[in-house]
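Text of query_29.cif (mmCIF, C-alpha atoms and all ligand atoms) as supplied:
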data_coords
loop_
_atom_site.label_atom_id
_atom_site.label_comp_id
_atom_site.auth_asym_id
_atom_site.auth_seq_id
_atom_site.Cartn_x
_atom_site.Cartn_y
_atom_site.Cartn_z
CA MET A 14 82.67 27.63 269.36
CA ILE A 15 84.59 25.58 266.83
CA THR A 16 82.47 23.77 264.27
CA SER A 17 83.91 20.29 264.01
CA LYS A 18 84.99 19.01 260.61
CA LEU A 19 84.37 15.51 261.96
CA PRO A 20 81.22 15.86 264.05
CA ASN A 21 80.59 12.12 264.12
CA VAL A 22 84.01 11.13 265.42
CA GLY A 23 84.54 10.40 269.10
CA THR A 24 86.89 8.18 271.08
CA THR A 25 87.14 4.88 269.22
CA ILE A 26 85.60 1.71 270.61
CA PHE A 27 89.12 0.20 270.68
CA THR A 28 90.29 2.81 273.18
CA GLN A 29 87.06 2.54 275.16
CA MET A 30 87.18 -1.23 275.45
CA SER A 31 90.89 -1.33 276.29
CA GLN A 32 90.28 1.30 278.99
CA LEU A 33 87.35 -0.64 280.40
CA ALA A 34 89.38 -3.87 280.36
CA ALA A 35 92.16 -2.15 282.33
CA GLU A 36 89.66 -0.59 284.76
CA VAL A 37 87.93 -3.85 285.66
CA GLY A 38 91.01 -6.09 285.27
CA ALA A 39 89.57 -8.07 282.34
CA ILE A 40 91.62 -10.09 279.85
CA ASN A 41 91.88 -7.80 276.87
CA LEU A 42 90.92 -9.63 273.69
CA SER A 43 89.43 -6.44 272.28
CA GLN A 44 92.07 -4.27 270.61
CA GLY A 45 94.17 -6.03 267.97
CA PHE A 46 97.70 -6.31 269.27
CA PRO A 47 99.94 -9.16 270.44
CA ASP A 48 100.64 -9.65 274.16
CA PHE A 49 103.84 -11.56 273.32
CA PRO A 50 107.21 -10.04 272.48
CA ALA A 51 108.52 -9.09 269.05
CA PRO A 52 111.45 -11.14 267.70
CA VAL A 53 114.54 -10.50 269.84
CA ALA A 54 116.80 -9.91 266.82
CA LEU A 55 114.42 -7.24 265.56
CA CYS A 56 114.39 -5.40 268.89
CA GLU A 57 118.16 -5.66 269.24
CA ALA A 58 118.59 -4.23 265.75
CA VAL A 59 116.74 -1.07 266.81
CA GLY A 60 119.17 -0.56 269.69
CA LYS A 61 122.09 -1.23 267.40
CA HIS A 62 121.00 1.33 264.85
CA ILE A 63 120.29 3.97 267.46
CA ALA A 64 123.80 3.39 268.85
CA LEU A 65 125.22 3.62 265.34
CA GLY A 66 123.70 7.08 265.06
CA HIS A 67 120.86 6.32 262.68
CA ASN A 68 118.74 8.91 264.41
CA GLN A 69 118.13 11.63 261.84
CA TYR A 70 115.45 11.97 259.19
CA ALA A 71 115.12 9.03 256.83
CA PRO A 72 114.56 9.73 253.13
CA MET A 73 111.01 10.92 252.52
CA THR A 74 110.09 7.80 250.53
CA GLY A 75 111.66 5.42 253.06
CA LEU A 76 115.05 3.88 253.68
CA PRO A 77 116.33 2.38 250.38
CA ALA A 78 117.31 -0.90 252.08
CA LEU A 79 113.79 -1.35 253.43
CA ARG A 80 112.14 -0.41 250.14
CA GLU A 81 114.38 -3.02 248.46
CA GLN A 82 113.23 -5.64 250.95
CA VAL A 83 109.60 -4.81 250.26
CA ALA A 84 110.16 -4.96 246.50
CA SER A 85 111.83 -8.35 246.76
CA LYS A 86 109.04 -9.65 248.98
CA VAL A 87 106.43 -8.46 246.49
CA ALA A 88 108.32 -10.27 243.71
CA SER A 89 108.60 -13.53 245.61
CA PHE A 90 105.07 -13.60 247.08
CA TYR A 91 103.02 -12.01 244.31
CA GLY A 92 105.20 -12.37 241.22
CA ARG A 93 105.28 -8.65 240.51
CA SER A 94 108.47 -6.80 239.82
CA VAL A 95 108.12 -3.33 241.34
CA SER A 96 110.63 -0.50 241.48
CA ALA A 97 111.84 0.11 245.02
CA ASP A 98 112.48 3.71 243.97
CA SER A 99 109.28 4.68 242.28
CA GLU A 100 106.64 2.23 243.53
CA VAL A 101 107.37 1.56 247.21
CA THR A 102 106.85 4.17 249.95
CA ILE A 103 107.45 3.55 253.64
CA THR A 104 104.90 5.28 255.88
CA PRO A 105 104.33 5.75 259.61
CA GLY A 106 101.74 2.99 259.77
CA ALA A 107 99.22 1.68 257.28
CA THR A 108 96.77 4.25 258.61
CA GLU A 109 98.89 7.11 257.30
CA ALA A 110 99.31 5.34 253.97
CA ILE A 111 95.53 5.03 253.59
CA PHE A 112 95.03 8.65 254.61
CA CYS A 113 97.60 9.88 252.09
CA ALA A 114 96.20 7.76 249.26
CA LEU A 115 92.74 9.18 249.90
CA GLN A 116 93.97 12.79 250.10
CA ALA A 117 95.94 12.29 246.90
CA VAL A 118 92.95 11.12 244.85
CA VAL A 119 89.65 12.16 246.40
CA ARG A 120 88.28 15.63 245.66
CA ALA A 121 85.32 17.53 247.05
CA GLY A 122 82.11 15.79 246.03
CA ASP A 123 83.74 12.47 245.13
CA GLU A 124 82.33 9.20 246.41
CA VAL A 125 84.34 6.39 247.93
CA ILE A 126 82.83 2.93 248.24
CA VAL A 127 83.59 1.14 251.49
CA LEU A 128 82.44 -2.35 252.32
CA ASP A 129 80.80 -2.56 255.75
CA PRO A 130 81.84 -3.68 258.29
CA CYS A 131 85.04 -1.68 257.70
CA TYR A 132 88.06 -0.31 259.52
CA ASP A 133 87.28 2.92 261.31
CA SER A 134 89.91 5.20 259.78
CA TYR A 135 88.48 5.09 256.26
CA GLU A 136 85.48 7.33 256.65
CA PRO A 137 87.10 10.28 258.48
CA SER A 138 89.96 10.20 255.96
CA VAL A 139 87.49 10.37 253.08
CA GLU A 140 85.57 13.18 254.75
CA LEU A 141 88.70 15.26 255.37
CA ALA A 142 89.40 14.99 251.64
CA GLY A 143 85.94 16.45 251.02
CA GLY A 144 84.54 13.13 249.81
CA ARG A 145 81.63 11.01 250.92
CA CYS A 146 81.62 7.32 251.80
CA VAL A 147 79.05 5.11 250.12
CA HIS A 148 78.63 2.12 252.44
CA VAL A 149 77.98 -1.22 250.78
CA PRO A 150 77.32 -4.00 253.30
CA LEU A 151 79.10 -7.30 252.79
CA ALA A 152 76.76 -10.27 252.44
CA LEU A 153 76.25 -12.32 255.62
CA PRO A 154 77.07 -14.83 256.91
CA GLY A 155 80.35 -15.11 254.96
CA PHE A 156 81.12 -11.36 254.60
CA SER A 157 81.48 -11.69 250.83
CA ILE A 158 80.98 -8.89 248.32
CA ASP A 159 77.38 -8.41 247.23
CA TRP A 160 77.94 -7.65 243.53
CA GLN A 161 74.46 -6.36 242.91
CA ARG A 162 74.79 -3.82 245.70
CA MET A 163 78.31 -2.96 244.58
CA THR A 164 77.08 -2.34 241.02
CA ASP A 165 74.17 -0.27 242.31
CA ALA A 166 76.54 1.82 244.43
CA LEU A 167 78.65 2.94 241.46
CA SER A 168 77.95 6.43 240.18
CA PRO A 169 79.72 8.97 237.97
CA ARG A 170 81.09 10.44 241.20
CA THR A 171 82.72 7.19 242.39
CA ARG A 172 86.44 7.92 242.58
CA MET A 173 87.69 5.15 244.79
CA ILE A 174 86.86 1.75 246.25
CA ILE A 175 88.50 0.53 249.46
CA LEU A 176 89.08 -3.20 249.71
CA ASN A 177 90.31 -5.02 252.80
CA SER A 178 91.45 -8.64 252.62
CA PRO A 179 92.08 -10.47 254.91
CA HIS A 180 89.17 -8.60 256.39
CA ASN A 181 88.96 -6.97 259.79
CA PRO A 182 86.76 -7.83 261.67
CA SER A 183 85.50 -11.01 259.94
CA GLY A 184 88.72 -12.66 258.73
CA ALA A 185 87.07 -13.21 255.31
CA LEU A 186 89.25 -13.38 252.22
CA ILE A 187 88.73 -11.97 248.76
CA SER A 188 89.08 -14.46 245.90
CA ARG A 189 90.78 -14.12 242.54
CA ALA A 190 87.37 -14.43 240.87
CA GLU A 191 86.12 -11.49 242.92
CA LEU A 192 89.07 -9.37 241.84
CA ASP A 193 88.29 -10.29 238.22
CA TRP A 194 84.67 -9.23 238.70
CA LEU A 195 85.77 -5.98 240.22
CA ALA A 196 88.17 -5.36 237.33
CA ALA A 197 85.36 -5.92 234.84
CA LEU A 198 83.02 -3.67 236.81
CA ILE A 199 85.33 -0.65 236.87
CA ARG A 200 87.19 -1.28 233.58
CA ASP A 201 86.02 1.82 231.73
CA ARG A 202 85.71 4.11 234.70
CA ASP A 203 88.04 6.58 236.35
CA ILE A 204 88.10 4.72 239.69
CA TYR A 205 91.09 3.99 241.92
CA LEU A 206 91.54 1.39 244.63
CA VAL A 207 92.99 1.30 248.09
CA SER A 208 93.68 -2.34 248.89
CA ASP A 209 94.20 -2.64 252.62
CA GLU A 210 96.20 -5.84 252.97
CA VAL A 211 97.70 -5.32 256.43
CA TYR A 212 96.93 -8.95 257.35
CA GLU A 213 98.42 -10.32 254.11
CA HIS A 214 100.55 -12.91 255.94
CA LEU A 215 97.80 -14.07 258.29
CA VAL A 216 95.95 -16.43 255.97
CA PHE A 217 95.22 -19.96 257.17
CA ASP A 218 94.44 -23.52 256.11
CA GLY A 219 96.92 -23.52 253.25
CA VAL A 220 95.01 -20.90 251.29
CA GLY A 221 97.24 -18.23 249.73
CA HIS A 222 96.57 -14.52 250.09
CA VAL A 223 95.05 -13.06 246.93
CA SER A 224 96.77 -9.69 246.57
CA VAL A 225 95.84 -6.89 244.23
CA LEU A 226 99.61 -6.86 243.58
CA ALA A 227 99.16 -10.10 241.65
CA HIS A 228 96.38 -8.63 239.47
CA ASP A 229 97.79 -6.63 236.54
CA GLU A 230 94.66 -4.74 235.66
CA LEU A 231 93.73 -3.74 239.20
CA TYR A 232 97.29 -2.94 240.26
CA ALA A 233 97.44 -0.31 237.51
CA ARG A 234 94.98 1.78 239.56
CA ALA A 235 95.75 0.65 243.10
CA PHE A 236 97.46 1.70 246.28
CA VAL A 237 98.29 -1.57 248.04
CA VAL A 238 98.86 -0.97 251.74
CA SER A 239 100.52 -3.18 254.35
CA SER A 240 101.80 -2.92 257.91
CA PHE A 241 105.06 -4.11 259.44
CA GLY A 242 103.26 -3.75 262.76
CA LYS A 243 101.01 -6.73 262.02
CA THR A 244 103.64 -8.84 260.32
CA TYR A 245 106.45 -8.45 262.87
CA HIS A 246 104.39 -8.23 266.11
CA VAL A 247 105.23 -4.53 266.56
CA THR A 248 101.94 -2.66 266.22
CA GLY A 249 103.34 0.14 268.40
CA TRP A 250 106.02 0.92 265.84
CA LYS A 251 103.35 2.25 263.47
CA THR A 252 105.41 1.48 260.39
CA GLY A 253 103.83 0.41 257.13
CA TYR A 254 104.17 0.79 253.39
CA VAL A 255 102.32 1.41 250.16
CA VAL A 256 103.05 -0.17 246.80
CA ALA A 257 101.51 1.71 243.87
CA PRO A 258 102.39 2.35 240.22
CA PRO A 259 104.86 5.25 239.75
CA ALA A 260 102.30 7.92 238.85
CA LEU A 261 100.12 7.05 241.85
CA SER A 262 103.11 6.76 244.18
CA ALA A 263 104.24 10.21 243.06
CA GLU A 264 100.88 11.73 244.00
CA LEU A 265 100.74 9.88 247.32
CA ARG A 266 104.25 11.08 248.17
CA LYS A 267 103.22 14.70 247.64
CA VAL A 268 100.80 14.25 250.54
CA HIS A 269 102.96 11.99 252.69
CA GLN A 270 105.76 14.56 252.42
CA TYR A 271 103.65 17.10 254.31
CA VAL A 272 101.79 14.81 256.66
CA ASN A 273 104.83 13.11 258.19
CA PHE A 274 107.68 13.51 255.71
CA CYS A 275 109.18 10.17 256.73
CA GLY A 276 108.95 7.13 258.98
CA VAL A 277 111.10 6.55 262.08
CA THR A 278 114.71 5.96 260.99
CA PRO A 279 116.11 3.29 263.36
CA LEU A 280 112.90 1.25 263.04
CA GLN A 281 113.30 1.19 259.27
CA TRP A 282 116.93 0.08 259.58
CA ALA A 283 115.97 -2.67 261.99
CA LEU A 284 113.14 -3.94 259.79
CA ALA A 285 115.42 -3.96 256.73
CA ASP A 286 118.06 -5.97 258.62
CA PHE A 287 115.53 -8.40 260.02
CA MET A 288 113.78 -8.99 256.71
CA ALA A 289 117.11 -9.73 255.05
CA ALA A 290 118.33 -12.04 257.81
CA HIS A 291 115.05 -13.82 258.61
CA PRO A 292 113.00 -14.54 255.51
CA GLU A 293 111.62 -17.59 257.34
CA HIS A 294 109.56 -15.25 259.56
CA LEU A 295 107.08 -14.67 256.73
CA ALA A 296 106.92 -18.35 255.81
CA GLU A 297 106.23 -19.33 259.42
CA LEU A 298 103.68 -16.64 260.21
CA PRO A 299 100.52 -18.34 258.87
CA GLY A 300 101.30 -21.50 260.88
CA PHE A 301 102.14 -19.48 263.97
CA TYR A 302 98.79 -17.69 263.96
CA GLN A 303 96.80 -20.67 262.74
CA ALA A 304 97.95 -22.57 265.83
CA LYS A 305 96.65 -19.71 268.00
CA ARG A 306 93.34 -19.62 266.15
CA ASP A 307 92.94 -23.37 266.49
CA LEU A 308 93.85 -23.39 270.16
CA PHE A 309 91.34 -20.63 270.89
CA CYS A 310 88.59 -22.24 268.78
CA ASP A 311 89.22 -25.72 270.22
CA LEU A 312 89.00 -24.30 273.72
CA LEU A 313 85.73 -22.52 272.85
CA ALA A 314 84.21 -25.67 271.36
CA ASP A 315 82.50 -26.40 274.69
CA SER A 316 81.18 -22.87 275.11
CA ARG A 317 77.77 -21.59 274.07
CA PHE A 318 79.33 -19.27 271.49
CA ARG A 319 78.92 -20.31 267.86
CA PHE A 320 81.52 -19.56 265.23
CA THR A 321 83.19 -20.46 261.97
CA ARG A 322 86.97 -20.43 262.21
CA ALA A 323 88.50 -17.22 260.82
CA ALA A 324 90.10 -17.73 257.39
CA GLY A 325 92.59 -14.93 258.02
CA THR A 326 93.64 -12.04 260.36
CA TYR A 327 94.10 -12.50 264.10
CA PHE A 328 90.44 -11.99 264.90
CA GLN A 329 87.75 -14.54 265.65
CA LEU A 330 84.08 -13.57 265.40
CA VAL A 331 81.64 -15.38 267.66
CA ASP A 332 77.84 -15.41 267.66
CA TYR A 333 76.42 -15.07 271.16
CA SER A 334 72.73 -15.41 270.36
CA ALA A 335 72.47 -18.62 272.37
CA ILE A 336 73.71 -16.75 275.47
CA ARG A 337 72.25 -13.23 275.62
CA PRO A 338 70.06 -12.63 272.57
CA ASP A 339 68.47 -9.75 274.51
CA LEU A 340 71.70 -7.70 274.41
CA ASP A 341 72.95 -5.77 271.40
CA ASP A 342 76.63 -6.29 270.70
CA VAL A 343 77.82 -3.10 272.44
CA ALA A 344 75.96 -4.10 275.62
CA MET A 345 77.22 -7.66 275.20
CA SER A 346 80.85 -6.52 274.94
CA GLU A 347 80.47 -4.47 278.12
CA TRP A 348 78.73 -7.33 279.89
CA LEU A 349 81.48 -9.77 278.89
CA THR A 350 84.13 -7.35 280.09
CA ARG A 351 82.52 -6.34 283.38
CA GLU A 352 80.79 -9.56 284.40
CA HIS A 353 83.00 -12.23 282.89
CA GLY A 354 86.42 -10.60 282.68
CA VAL A 355 87.04 -10.87 278.93
CA ALA A 356 86.97 -7.78 276.72
CA ALA A 357 85.64 -8.00 273.16
CA ILE A 358 84.79 -5.59 270.34
CA PRO A 359 81.21 -5.26 269.07
CA VAL A 360 81.00 -5.78 265.31
CA SER A 361 78.27 -3.16 264.79
CA VAL A 362 80.78 -0.33 265.32
CA PHE A 363 82.37 -1.25 261.99
CA TYR A 364 79.09 -0.47 260.21
CA ARG A 365 77.32 2.73 259.30
CA GLU A 366 74.08 0.81 259.72
CA ALA A 367 74.49 -2.64 261.24
CA PRO A 368 71.85 -5.33 260.66
CA ARG A 369 69.48 -5.10 263.62
CA ASP A 370 69.75 -8.75 264.59
CA LEU A 371 73.58 -8.83 264.50
CA ARG A 372 74.78 -10.79 267.52
CA LEU A 373 78.53 -10.92 266.86
CA VAL A 374 81.56 -9.84 268.86
CA ARG A 375 85.21 -9.96 267.87
CA PHE A 376 88.02 -11.51 269.92
CA CYS A 377 91.70 -10.99 269.11
CA PHE A 378 93.71 -14.21 269.37
CA ALA A 379 97.15 -12.59 268.93
CA LYS A 380 97.86 -13.62 272.52
CA ARG A 381 100.06 -16.00 274.50
CA GLU A 382 98.73 -19.51 275.00
CA GLU A 383 98.24 -18.79 278.68
CA THR A 384 96.12 -15.70 277.94
CA LEU A 385 93.97 -17.65 275.47
CA ARG A 386 93.48 -20.49 277.95
CA GLN A 387 92.47 -18.13 280.77
CA ALA A 388 90.08 -16.25 278.52
CA ALA A 389 88.54 -19.43 277.12
CA GLU A 390 87.97 -20.79 280.61
CA LYS A 391 86.00 -17.69 281.51
CA LEU A 392 84.07 -17.78 278.24
CA CYS A 393 83.19 -21.47 278.62
CA ALA A 394 81.79 -20.81 282.08
CA ILE A 395 79.12 -18.43 280.71
C1 LIG B 401 92.17 -3.32 258.47
C2 LIG B 401 93.23 -2.47 259.08
N1 LIG B 401 93.83 -1.53 258.34
C3 LIG B 401 94.80 -0.75 258.85
C4 LIG B 401 95.22 -0.88 260.14
C5 LIG B 401 96.28 0.05 260.68
O1 LIG B 401 97.57 -0.43 260.61
P1 LIG B 401 98.76 0.42 261.26
O2 LIG B 401 98.78 0.14 262.71
O3 LIG B 401 99.99 -0.04 260.55
O4 LIG B 401 98.47 1.86 260.97
C6 LIG B 401 94.63 -1.84 260.96
C7 LIG B 401 95.03 -1.98 262.38
O5 LIG B 401 94.33 -2.48 263.20
C8 LIG B 401 93.61 -2.66 260.42
O6 LIG B 401 93.01 -3.61 261.16
#
So, in terms of structure tokens, how does the structure I just supplied come out?
Ligand SMILES: Cc1ncc(COP(=O)(O)O)c(C=O)c1O
Amino acid sequence: MITSKLPNVGTTIFTQMSQLAAEVGAINLSQGFPDFPAPVALCEAVGKHIALGHNQYAPMTGLPALREQVASKVASFYGRSVSADSEVTITPGATEAIFCALQAVVRAGDEVIVLDPCYDSYEPSVELAGGRCVHVPLALPGFSIDWQRMTDALSPRTRMIILNSPHNPSGALISRAELDWLAALIRDRDIYLVSDEVYEHLVFDGVGHVSVLAHDELYARAFVVSSFGKTYHVTGWKTGYVVAPPALSAELRKVHQYVNFCGVTPLQWALADFMAAHPEHLAELPGFYQAKRDLFCDLLADSRFRFTRAAGTYFQLVDYSAIRPDLDDVAMSEWLTREHGVAAIPVSVFYREAPRDLRLVRFCFAKREETLRQAAEKLCAI
């Protein structure tokens, strides 16, 4: 019998809920992906580059034209001049970028601080590197960093801290003041950061995204990760990138080289073309998703769910304690899916130890207006 290296890992809740939604014919607001098409010009560019013969291995670090586009975006959005050659690496998805950053830095016995609720790939990636996650819960109800708990969690073994803003599942944003506090907290310690910023362009209400890329002191020790999948409505392309100082990028690339070697070539060409030809896509994205958030929230105003509008991401948390306080959130998600035809994700699965009275589920609003209207009608009828 094989002894599992990841005994606690099973099929993810995202797969389970999507499968259940398909089985019972429910509207799937569980897994985070758009149900509308990607930009036509972007899709056409893939076909064009395949026809042009761009079908062999890309450079290990990513196509130069795409790395240049990322570098110029980082300069214009965050005011940092980064080298496309030595600081930008294209990866097959943000997930691979996070995995490689962790393998590059974390050694057996090291501790990595994660802020619960957190994305599910972090912990197995830390464990495969021989490290251990130290879970620090975010403070409710706003999902902000609890600095006392963060300070208490630091130890001589802390090697890394994983940040995620805009935050999945809550949509909460990190502030500049919080980054300054973090910088002060780890100033004299040998601690690195993974800053998971895959929803960097999904920030609403005129508030700008606070990136670690705009923070000199933190950037010096950070791997900043993003995802073209989220930004260009192509989650199935699994294409992302990491920006990190040259010495960190060099270490990350040593791992990336043997995990995947490179991202998919024609997709990288297409993204580079599209970014160059359509810079307005990034400028329009917050408004595009804010309209979806507002439509969904306005439609739910007459329901018995309670919520605060998400500040970022394409997820909306709702409190269902006025409806079925007797159900925990896993049971509630199943009940919503089976009995009311709308699939959701329970928030407790993002925790190592969820607060016992947590009555929150997550809906994804990256959906067509028609889908959101149909779902909201069902939810309002409960
Ligand atoms: C917080 C967070 N990080 C990383 C990822 C993974 O991104 P990718 O699909 O590019 O691997 C996701 C996707 O859902 C996410 O929500």
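Pairwise distance (atom CA of A:Leu392, atom CA of A:Gln29) equals 20.8 Å.
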Hey, can I get the axis-aligned box for stretch 102-112 of chain A? All listed atoms, 4 Å padding on each side, centre and edge lengths in Å to one decimal, as AutoDock Vina command-line options.
--center_x 101.2 --center_y 5.2 --center_z 254.9 --size_x 20.4 --size_y 15.0 --size_z 17.8
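The two atoms in question, atom CA of A:Ser240 and atom CA of A:Tyr254, are spaced 6.3 Å apart.
The residue that comes closest to A:His269, out of A:Glu100, A:Glu109, A:Asp209, A:Glu383 and on the basis of all atoms listed in the file, is A:Glu109.
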Using only C-alpha atoms, the shortest atom-to-atom distance to A:Ala367 among A:Leu79, A:Leu128, A:Leu226, A:Thr74 belongs to A:Leu128
> Within 7 Å of ligand LIG 401 (chain B), counting only C-alpha atoms and all ligand atoms, which protein or nucleic acid residues do you find, written as a ChimeraX atom specification?
Replying inline: /A:45,106-109,132,177,180-181,209,211,239-243,248,251-253
May I have the residues from that selection written out with C-alpha atoms, as a compact mmCIF listing (two decimals), in the coordinates of the input?
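Saved the output as again.txt:
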# COMPACT_ATOMS: atom_id res chain seq x y z
CA GLY A 45 94.17 -6.03 267.97
CA GLY A 106 101.74 2.99 259.77
CA ALA A 107 99.22 1.68 257.28
CA THR A 108 96.77 4.25 258.61
CA GLU A 109 98.89 7.11 257.30
CA TYR A 132 88.06 -0.31 259.52
CA ASN A 177 90.31 -5.02 252.80
CA HIS A 180 89.17 -8.60 256.39
CA ASN A 181 88.96 -6.97 259.79
CA ASP A 209 94.20 -2.64 252.62
CA VAL A 211 97.70 -5.32 256.43
CA SER A 239 100.52 -3.18 254.35
CA SER A 240 101.80 -2.92 257.91
CA PHE A 241 105.06 -4.11 259.44
CA GLY A 242 103.26 -3.75 262.76
CA LYS A 243 101.01 -6.73 262.02
CA THR A 248 101.94 -2.66 266.22
CA LYS A 251 103.35 2.25 263.47
CA THR A 252 105.41 1.48 260.39
CA GLY A 253 103.83 0.41 257.13
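Each of A:Phe274, A:Phe217, A:Trp194, A:Trp348 was compared to A:Ala324 using only C-alpha atoms, and A:Phe217 turns out to be the nearest.
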Counting only C-alpha atoms, the residue among A:Val247, A:Ala227, A:Cys275, A:Leu340 that lies closest to A:Tyr91 is A:Ala227
Skipping near chain neighbours, those fewer than 6 positions away, what residues fall within 8 Å of A:Val147 using all atoms listed in the file, listed as a tab-separated table (two decimals) with C-alpha atoms, in the frame of the given file?
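Writing done, so here's part39.tsv:
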chain	number	residue	atom	x	y	z
A	124	GLU	CA	82.33	9.20	246.41
A	125	VAL	CA	84.34	6.39	247.93
A	126	ILE	CA	82.83	2.93	248.24
A	127	VAL	CA	83.59	1.14	251.49
A	166	ALA	CA	76.54	1.82	244.43
Fill in: Exercise: A:Ile199 partners within 10 Å, only C-alpha atoms, chain neighbours under 4 positions left out, as a list of chain:residue names
A:Thr164, A:Leu167, A:Thr171, A:Ile174, A:Trp194, A:Leu195, A:Asp203, A:Ile204, A:Tyr205, A:Leu231
Inset, instruction - Excluding stretch 295-311 of chain A and any residue of its chain fewer than 3 positions from it, enumerate the residues within 10 Å of it, using all atoms listed in the file, and give them as a ChimeraX atom specification. - result: /A:86,90,213-221,244-245,288,291-292,314-316,319-329,331,376-382,384-386,388-389
Based on the selection just made, write C-alpha atoms of those residues as a PDB file, in the coordinates of the input.
ATOM      1  CA  LYS A  86     109.040  -9.650 248.980  1.00  0.00           C
ATOM      2  CA  PHE A  90     105.070 -13.600 247.080  1.00  0.00           C
ATOM      3  CA  GLU A 213      98.420 -10.320 254.110  1.00  0.00           C
ATOM      4  CA  HIS A 214     100.550 -12.910 255.940  1.00  0.00           C
ATOM      5  CA  LEU A 215      97.800 -14.070 258.290  1.00  0.00           C
ATOM      6  CA  VAL A 216      95.950 -16.430 255.970  1.00  0.00           C
ATOM      7  CA  PHE A 217      95.220 -19.960 257.170  1.00  0.00           C
ATOM      8  CA  ASP A 218      94.440 -23.520 256.110  1.00  0.00           C
ATOM      9  CA  GLY A 219      96.920 -23.520 253.250  1.00  0.00           C
ATOM     10  CA  VAL A 220      95.010 -20.900 251.290  1.00  0.00           C
ATOM     11  CA  GLY A 221      97.240 -18.230 249.730  1.00  0.00           C
ATOM     12  CA  THR A 244     103.640  -8.840 260.320  1.00  0.00           C
ATOM     13  CA  TYR A 245     106.450  -8.450 262.870  1.00  0.00           C
ATOM     14  CA  MET A 288     113.780  -8.990 256.710  1.00  0.00           C
ATOM     15  CA  HIS A 291     115.050 -13.820 258.610  1.00  0.00           C
ATOM     16  CA  PRO A 292     113.000 -14.540 255.510  1.00  0.00           C
ATOM     17  CA  ALA A 314      84.210 -25.670 271.360  1.00  0.00           C
ATOM     18  CA  ASP A 315      82.500 -26.400 274.690  1.00  0.00           C
ATOM     19  CA  SER A 316      81.180 -22.870 275.110  1.00  0.00           C
ATOM     20  CA  ARG A 319      78.920 -20.310 267.860  1.00  0.00           C
ATOM     21  CA  PHE A 320      81.520 -19.560 265.230  1.00  0.00           C
ATOM     22  CA  THR A 321      83.190 -20.460 261.970  1.00  0.00           C
ATOM     23  CA  ARG A 322      86.970 -20.430 262.210  1.00  0.00           C
ATOM     24  CA  ALA A 323      88.500 -17.220 260.820  1.00  0.00           C
ATOM     25  CA  ALA A 324      90.100 -17.730 257.390  1.00  0.00           C
ATOM     26  CA  GLY A 325      92.590 -14.930 258.020  1.00  0.00           C
ATOM     27  CA  THR A 326      93.640 -12.040 260.360  1.00  0.00           C
ATOM     28  CA  TYR A 327      94.100 -12.500 264.100  1.00  0.00           C
ATOM     29  CA  PHE A 328      90.440 -11.990 264.900  1.00  0.00           C
ATOM     30  CA  GLN A 329      87.750 -14.540 265.650  1.00  0.00           C
ATOM     31  CA  VAL A 331      81.640 -15.380 267.660  1.00  0.00           C
ATOM     32  CA  PHE A 376      88.020 -11.510 269.920  1.00  0.00           C
ATOM     33  CA  CYS A 377      91.700 -10.990 269.110  1.00  0.00           C
ATOM     34  CA  PHE A 378      93.710 -14.210 269.370  1.00  0.00           C
ATOM     35  CA  ALA A 379      97.150 -12.590 268.930  1.00  0.00           C
ATOM     36  CA  LYS A 380      97.860 -13.620 272.520  1.00  0.00           C
ATOM     37  CA  ARG A 381     100.060 -16.000 274.500  1.00  0.00           C
ATOM     38  CA  GLU A 382      98.730 -19.510 275.000  1.00  0.00           C
ATOM     39  CA  THR A 384      96.120 -15.700 277.940  1.00  0.00           C
ATOM     40  CA  LEU A 385      93.970 -17.650 275.470  1.00  0.00           C
ATOM     41  CA  ARG A 386      93.480 -20.490 277.950  1.00  0.00           C
ATOM     42  CA  ALA A 388      90.080 -16.250 278.520  1.00  0.00           C
ATOM     43  CA  ALA A 389      88.540 -19.430 277.120  1.00  0.00           C
TER      44      ALA A 389
END
query: Counting only C-alpha atoms, what is within 8 Å of A:Leu261, bar same-chain residues fewer than 6 positions away, as a ChimeraX atom specification?
result: /A:234-236
As a check of understanding: the span from atom CA of A:Ala78 to atom CA of A:Val272 is 22.6 Å
With a distance cut-off of 8 Å and only C-alpha atoms, select the neighbouring residues of A:Leu192, excluding the residue or stretch itself and same-chain residues fewer than 4 positions from it, and output the selection as a short mmCIF file (atom, residue, chain, number, x, y, z; two decimals) with C-alpha atoms, keeping the file's coordinate frame.
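The result, stored in part_25.cif:
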data_model
loop_
_atom_site.label_atom_id
_atom_site.label_comp_id
_atom_site.auth_asym_id
_atom_site.auth_seq_id
_atom_site.Cartn_x
_atom_site.Cartn_y
_atom_site.Cartn_z
CA ILE A 187 88.73 -11.97 248.76
CA SER A 188 89.08 -14.46 245.90
CA ALA A 196 88.17 -5.36 237.33
CA VAL A 225 95.84 -6.89 244.23
CA HIS A 228 96.38 -8.63 239.47
CA LEU A 231 93.73 -3.74 239.20
#
Q | Nearest candidate to A:His148 (options A:Ile63, A:Ile175, A:Met345, A:Ile111; using only C-alpha atoms) | A |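 Smallest separation from A:His148 among the options: A:Ile175.
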